[in-house]
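Dropping structure.pdb in here (PDB, C-alpha atoms, pLDDT in the B column):
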MODEL        1
ATOM      1  CA  MET A1173      -0.320   2.092  -8.241  1.00 83.00           C
ATOM      2  CA  PHE A1174      -1.316   2.101  -4.587  1.00 93.00           C
ATOM      3  CA  GLU A1175       0.021   1.490  -1.099  1.00 95.00           C
ATOM      4  CA  ILE A1176      -2.084   0.145   1.753  1.00 97.00           C
ATOM      5  CA  VAL A1177      -0.613  -0.469   5.213  1.00 96.00           C
ATOM      6  CA  PHE A1178      -2.266  -2.309   8.097  1.00 95.00           C
ATOM      7  CA  ASP A1179      -0.522  -1.683  11.441  1.00 93.00           C
ATOM      8  CA  ASN A1180      -1.977  -4.997  12.625  1.00 92.00           C
ATOM      9  CA  ALA A1181      -1.875  -7.701   9.923  1.00 93.00           C
ATOM     10  CA  LYS A1182      -4.504  -9.696  11.840  1.00 93.00           C
ATOM     11  CA  VAL A1183      -7.221  -7.304  10.640  1.00 91.00           C
ATOM     12  CA  PHE A1184      -6.657  -8.181   6.978  1.00 94.00           C
ATOM     13  CA  LYS A1185      -5.832 -11.841   7.699  1.00 95.00           C
ATOM     14  CA  ASP A1186      -9.125 -12.406   9.539  1.00 95.00           C
ATOM     15  CA  SER A1187     -11.040 -10.822   6.654  1.00 95.00           C
ATOM     16  CA  VAL A1188      -9.299 -13.023   4.079  1.00 96.00           C
ATOM     17  CA  ASP A1189      -9.891 -16.135   6.209  1.00 96.00           C
ATOM     18  CA  ALA A1190     -13.626 -15.408   6.370  1.00 95.00           C
ATOM     19  CA  ILE A1191     -13.874 -14.789   2.625  1.00 95.00           C
ATOM     20  CA  VAL A1192     -11.785 -17.803   1.535  1.00 94.00           C
ATOM     21  CA  SER A1193     -14.131 -20.136   3.397  1.00 92.00           C
ATOM     22  CA  LEU A1194     -16.793 -19.148   0.845  1.00 92.00           C
ATOM     23  CA  ILE A1195     -15.040 -18.358  -2.453  1.00 94.00           C
ATOM     24  CA  ASP A1196     -11.786 -19.320  -4.183  1.00 92.00           C
ATOM     25  CA  GLU A1197     -11.115 -16.179  -6.191  1.00 93.00           C
ATOM     26  CA  GLY A1198     -12.426 -12.686  -6.617  1.00 94.00           C
ATOM     27  CA  GLU A1199     -11.841  -9.254  -8.039  1.00 97.00           C
ATOM     28  CA  PHE A1200     -11.066  -6.583  -5.463  1.00 97.00           C
ATOM     29  CA  LEU A1201     -11.994  -2.993  -6.241  1.00 98.00           C
ATOM     30  CA  ILE A1202      -9.622  -0.566  -4.552  1.00 97.00           C
ATOM     31  CA  ASN A1203     -10.599   3.090  -4.648  1.00 97.00           C
ATOM     32  CA  LYS A1204     -10.567   6.206  -2.469  1.00 95.00           C
ATOM     33  CA  ASP A1205     -13.375   4.773  -0.330  1.00 96.00           C
ATOM     34  CA  GLY A1206     -11.599   1.520   0.567  1.00 97.00           C
ATOM     35  CA  ILE A1207     -11.371  -2.114  -0.503  1.00 98.00           C
ATOM     36  CA  GLU A1208     -14.448  -3.855  -1.900  1.00 98.00           C
ATOM     37  CA  LEU A1209     -15.194  -7.354  -3.116  1.00 98.00           C
ATOM     38  CA  ARG A1210     -18.442  -8.742  -4.438  1.00 96.00           C
ATOM     39  CA  ALA A1211     -18.396 -12.327  -5.669  1.00 94.00           C
ATOM     40  CA  MET A1212     -20.683 -15.319  -5.993  1.00 92.00           C
ATOM     41  CA  ALA A1213     -19.621 -18.667  -4.549  1.00 86.00           C
ATOM     42  CA  PRO A1214     -19.225 -21.451  -7.139  1.00 84.00           C
ATOM     43  CA  SER A1215     -22.399 -23.072  -5.757  1.00 84.00           C
ATOM     44  CA  GLN A1216     -24.264 -19.841  -6.602  1.00 86.00           C
ATOM     45  CA  VAL A1217     -25.941 -20.104  -3.218  1.00 91.00           C
ATOM     46  CA  VAL A1218     -23.744 -17.593  -1.372  1.00 90.00           C
ATOM     47  CA  MET A1219     -22.704 -14.085  -2.342  1.00 94.00           C
ATOM     48  CA  VAL A1220     -19.811 -12.347  -0.620  1.00 95.00           C
ATOM     49  CA  ASP A1221     -20.187  -8.577  -0.271  1.00 96.00           C
ATOM     50  CA  PHE A1222     -17.078  -7.326   1.543  1.00 96.00           C
ATOM     51  CA  THR A1223     -16.134  -3.724   2.263  1.00 97.00           C
ATOM     52  CA  MET A1224     -13.229  -2.386   4.291  1.00 96.00           C
ATOM     53  CA  PRO A1225     -13.440   1.411   4.457  1.00 97.00           C
ATOM     54  CA  SER A1226     -10.265   3.419   3.947  1.00 96.00           C
ATOM     55  CA  LYS A1227     -10.776   4.946   7.418  1.00 95.00           C
ATOM     56  CA  ALA A1228     -10.183   1.491   8.950  1.00 93.00           C
ATOM     57  CA  ILE A1229      -6.723   1.297   7.358  1.00 95.00           C
ATOM     58  CA  GLU A1230      -3.702   3.094   8.811  1.00 95.00           C
ATOM     59  CA  LYS A1231      -2.118   4.145   5.503  1.00 96.00           C
ATOM     60  CA  PHE A1232      -4.265   4.259   2.406  1.00 96.00           C
ATOM     61  CA  GLU A1233      -2.725   5.879  -0.667  1.00 96.00           C
ATOM     62  CA  VAL A1234      -4.841   5.090  -3.705  1.00 95.00           C
ATOM     63  CA  PRO A1235      -4.486   7.734  -6.423  1.00 94.00           C
ATOM     64  CA  LYS A1236      -6.836   5.987  -8.865  1.00 94.00           C
ATOM     65  CA  GLU A1237      -9.397   3.198  -8.839  1.00 96.00           C
ATOM     66  CA  THR A1238      -7.832  -0.218  -9.432  1.00 95.00           C
ATOM     67  CA  LYS A1239      -9.279  -3.704  -9.884  1.00 96.00           C
ATOM     68  CA  ILE A1240      -7.205  -6.744  -8.931  1.00 95.00           C
ATOM     69  CA  GLY A1241      -8.208 -10.359  -9.438  1.00 95.00           C
ATOM     70  CA  LEU A1242      -6.757 -12.643  -6.769  1.00 95.00           C
ATOM     71  CA  ASN A1243      -6.762 -16.324  -5.938  1.00 96.00           C
ATOM     72  CA  LEU A1244      -7.966 -16.184  -2.347  1.00 95.00           C
ATOM     73  CA  ASP A1245      -6.516 -19.585  -1.442  1.00 95.00           C
ATOM     74  CA  ASP A1246      -3.055 -18.252  -2.306  1.00 96.00           C
ATOM     75  CA  LEU A1247      -3.710 -14.972  -0.496  1.00 95.00           C
ATOM     76  CA  ALA A1248      -4.815 -16.896   2.618  1.00 96.00           C
ATOM     77  CA  LYS A1249      -1.564 -18.893   2.545  1.00 96.00           C
ATOM     78  CA  ILE A1250       0.403 -15.642   2.465  1.00 94.00           C
ATOM     79  CA  THR A1251      -1.565 -13.972   5.265  1.00 94.00           C
ATOM     80  CA  ALA A1252      -1.333 -17.150   7.371  1.00 95.00           C
ATOM     81  CA  ARG A1253       2.353 -16.337   7.861  1.00 95.00           C
ATOM     82  CA  THR A1254       1.536 -13.080   9.641  1.00 92.00           C
ATOM     83  CA  ARG A1255       1.328 -12.711  13.400  1.00 89.00           C
ATOM     84  CA  PRO A1256      -0.868 -10.348  15.429  1.00 82.00           C
ATOM     85  CA  GLY A1257       0.805  -6.977  15.785  1.00 88.00           C
ATOM     86  CA  GLU A1258       2.891  -7.308  12.609  1.00 95.00           C
ATOM     87  CA  THR A1259       2.562  -4.698   9.886  1.00 96.00           C
ATOM     88  CA  LEU A1260       1.188  -5.760   6.500  1.00 95.00           C
ATOM     89  CA  THR A1261       1.784  -3.690   3.375  1.00 95.00           C
ATOM     90  CA  LEU A1262      -0.059  -4.187   0.107  1.00 95.00           C
ATOM     91  CA  ASN A1263       1.250  -2.276  -2.873  1.00 94.00           C
ATOM     92  CA  LEU A1264       1.008  -2.266  -6.626  1.00 91.00           C
ATOM     93  CA  ASP A1265       3.534  -0.648  -8.926  1.00 87.00           C
ATOM     94  CA  ASN A1266       2.677  -0.241 -12.586  1.00 71.00           C
TER      95      ASN A1266
ENDMDL
END
Would you kindly transcribe this structure into structure tokens?
Amino acid sequence: MFEIVFDNAKVFKDSVDAIVSLIDEGEFLINKDGIELRAMAPSQVVMVDFTMPSKAIEKFEVPKETKIGLNLDDLAKITARTRPGETLTLNLDN
């Protein structure tokens, strides 16, 4: 279980847009330090090494380390609906 809140959804949206241009899916590691993703592109020519520190996120409540596999194309479609200045909340309930 965790709750992550971005006061400006554009921060997360721009990150997802950059990642999805390289890879289709990935496993995010969410822990007390922040959000991390390390994945190889299908071509095996490009590796994505993404880190967003918890200090860069307005609300970051992560009681235990969690791994989440996501289809980044689908995530990009969801974040495309956000507008600059809107709040974005990511949460997981067990």
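Evaluating the PyMOL selection byres ((chain A and resi 1204-1211) around 6) against the shown model yields Phe1200, Leu1201, Ile1202, Asn1203, Met1212, Met1219, Val1220, Asp1221, Phe1222, Thr1223, Met1224, Pro1225, Ser1226 and Val1234 of chain A.
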Name every residue that the PyMOL selection byres ((chain A and resi 1182) around 10) selects in this structure, writing the answer as a CSV table (one decimal) with C-alpha atoms, in the frame of the given file with chains first and numbers rising.
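Okay, out36.csv is ready:
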chain,number,residue,atom,x,y,z
A,1178,PHE,CA,-2.3,-2.3,8.1
A,1179,ASP,CA,-0.5,-1.7,11.4
A,1180,ASN,CA,-2.0,-5.0,12.6
A,1181,ALA,CA,-1.9,-7.7,9.9
A,1183,VAL,CA,-7.2,-7.3,10.6
A,1184,PHE,CA,-6.7,-8.2,7.0
A,1185,LYS,CA,-5.8,-11.8,7.7
A,1186,ASP,CA,-9.1,-12.4,9.5
A,1187,SER,CA,-11.0,-10.8,6.7
A,1188,VAL,CA,-9.3,-13.0,4.1
A,1251,THR,CA,-1.6,-14.0,5.3
A,1252,ALA,CA,-1.3,-17.2,7.4
A,1254,THR,CA,1.5,-13.1,9.6
A,1255,ARG,CA,1.3,-12.7,13.4
A,1256,PRO,CA,-0.9,-10.3,15.4
A,1257,GLY,CA,0.8,-7.0,15.8
A,1258,GLU,CA,2.9,-7.3,12.6
A,1259,THR,CA,2.6,-4.7,9.9
A,1260,LEU,CA,1.2,-5.8,6.5
Shortest contact to A:Ile1195, candidates A:Ile1176, A:Lys1239, A:Asp1246, A:Leu1264, atoms counted all atoms listed in the file, goes to A:Asp1246
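Closest approach to A:Gly1198 among A:Ala1248, A:Glu1175, A:Ala1213, A:Ile1229: A:Ala1213, based on only C-alpha atoms.
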Can you list, as a VMD selection string, every protein, DNA or RNA residue that comes within 8 Å of A:Asp1196 when you count only C-alpha atoms, leaving out same-chain residues fewer than 3 positions away?
-> chain A and resid 1192 to 1193 1213 1243 to 1245
Only C-alpha atoms, please: the residues just picked out, written as a PDB file, keeping the file's coordinate frame.
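As written to disk, selection20.pdb reads:
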ATOM      1  CA  VAL A1192     -11.785 -17.803   1.535  1.00 94.00           C
ATOM      2  CA  SER A1193     -14.131 -20.136   3.397  1.00 92.00           C
ATOM      3  CA  ALA A1213     -19.621 -18.667  -4.549  1.00 86.00           C
ATOM      4  CA  ASN A1243      -6.762 -16.324  -5.938  1.00 96.00           C
ATOM      5  CA  LEU A1244      -7.966 -16.184  -2.347  1.00 95.00           C
ATOM      6  CA  ASP A1245      -6.516 -19.585  -1.442  1.00 95.00           C
TER       7      ASP A1245
END
Separating atom CA of A:Arg1253 from atom CA of A:Glu1199, to the nearest tenth of an Å, is a gap of 22.5 Å
Between atom CA of A:Pro1235 and atom CA of A:Asp1189, what is the distance, to one decimal in Å?
->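 Computing it gives 27.5 Å between the two atoms.
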Closest to A:Asn1266 among A:Thr1238, A:Ala1190, A:Glu1197, A:Lys1231, using all atoms listed in the file?
->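 Smallest distance to A:Asn1266 is found for A:Thr1238.
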Using all atoms listed in the file, pick whichever of A:Gln1216, A:Leu1262, A:Phe1174, A:Ala1228 has the shortest atom-to-atom distance to A:Ile1250.
->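 The answer is A:Leu1262, which sits nearest to A:Ile1250.
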Choose the residue, out of A:Ser1215, A:Ile1191, A:Glu1230, A:Met1173, that has the smallest atom-to-atom separation from A:Leu1242; count all atoms listed in the file.
-> A:Ile1191
Best match for closeness to A:Val1177 among A:Phe1232, A:Leu1194, A:Pro1214, A:Asp1265, counting all atoms listed in the file |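 Answer, going by the shortest atom-to-atom distance: A:Phe1232.
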Around all the atoms of stretch 1222-1232 of chain A listed in the file, draw an axis-aligned box and extend it by 5 Å on each of the six sides; I want its centre and edge lengths in Å to one decimal, as AutoDock Vina command-line options.
--center_x -9.6 --center_y -1.2 --center_z 5.2 --size_x 25.0 --size_y 22.3 --size_z 17.4
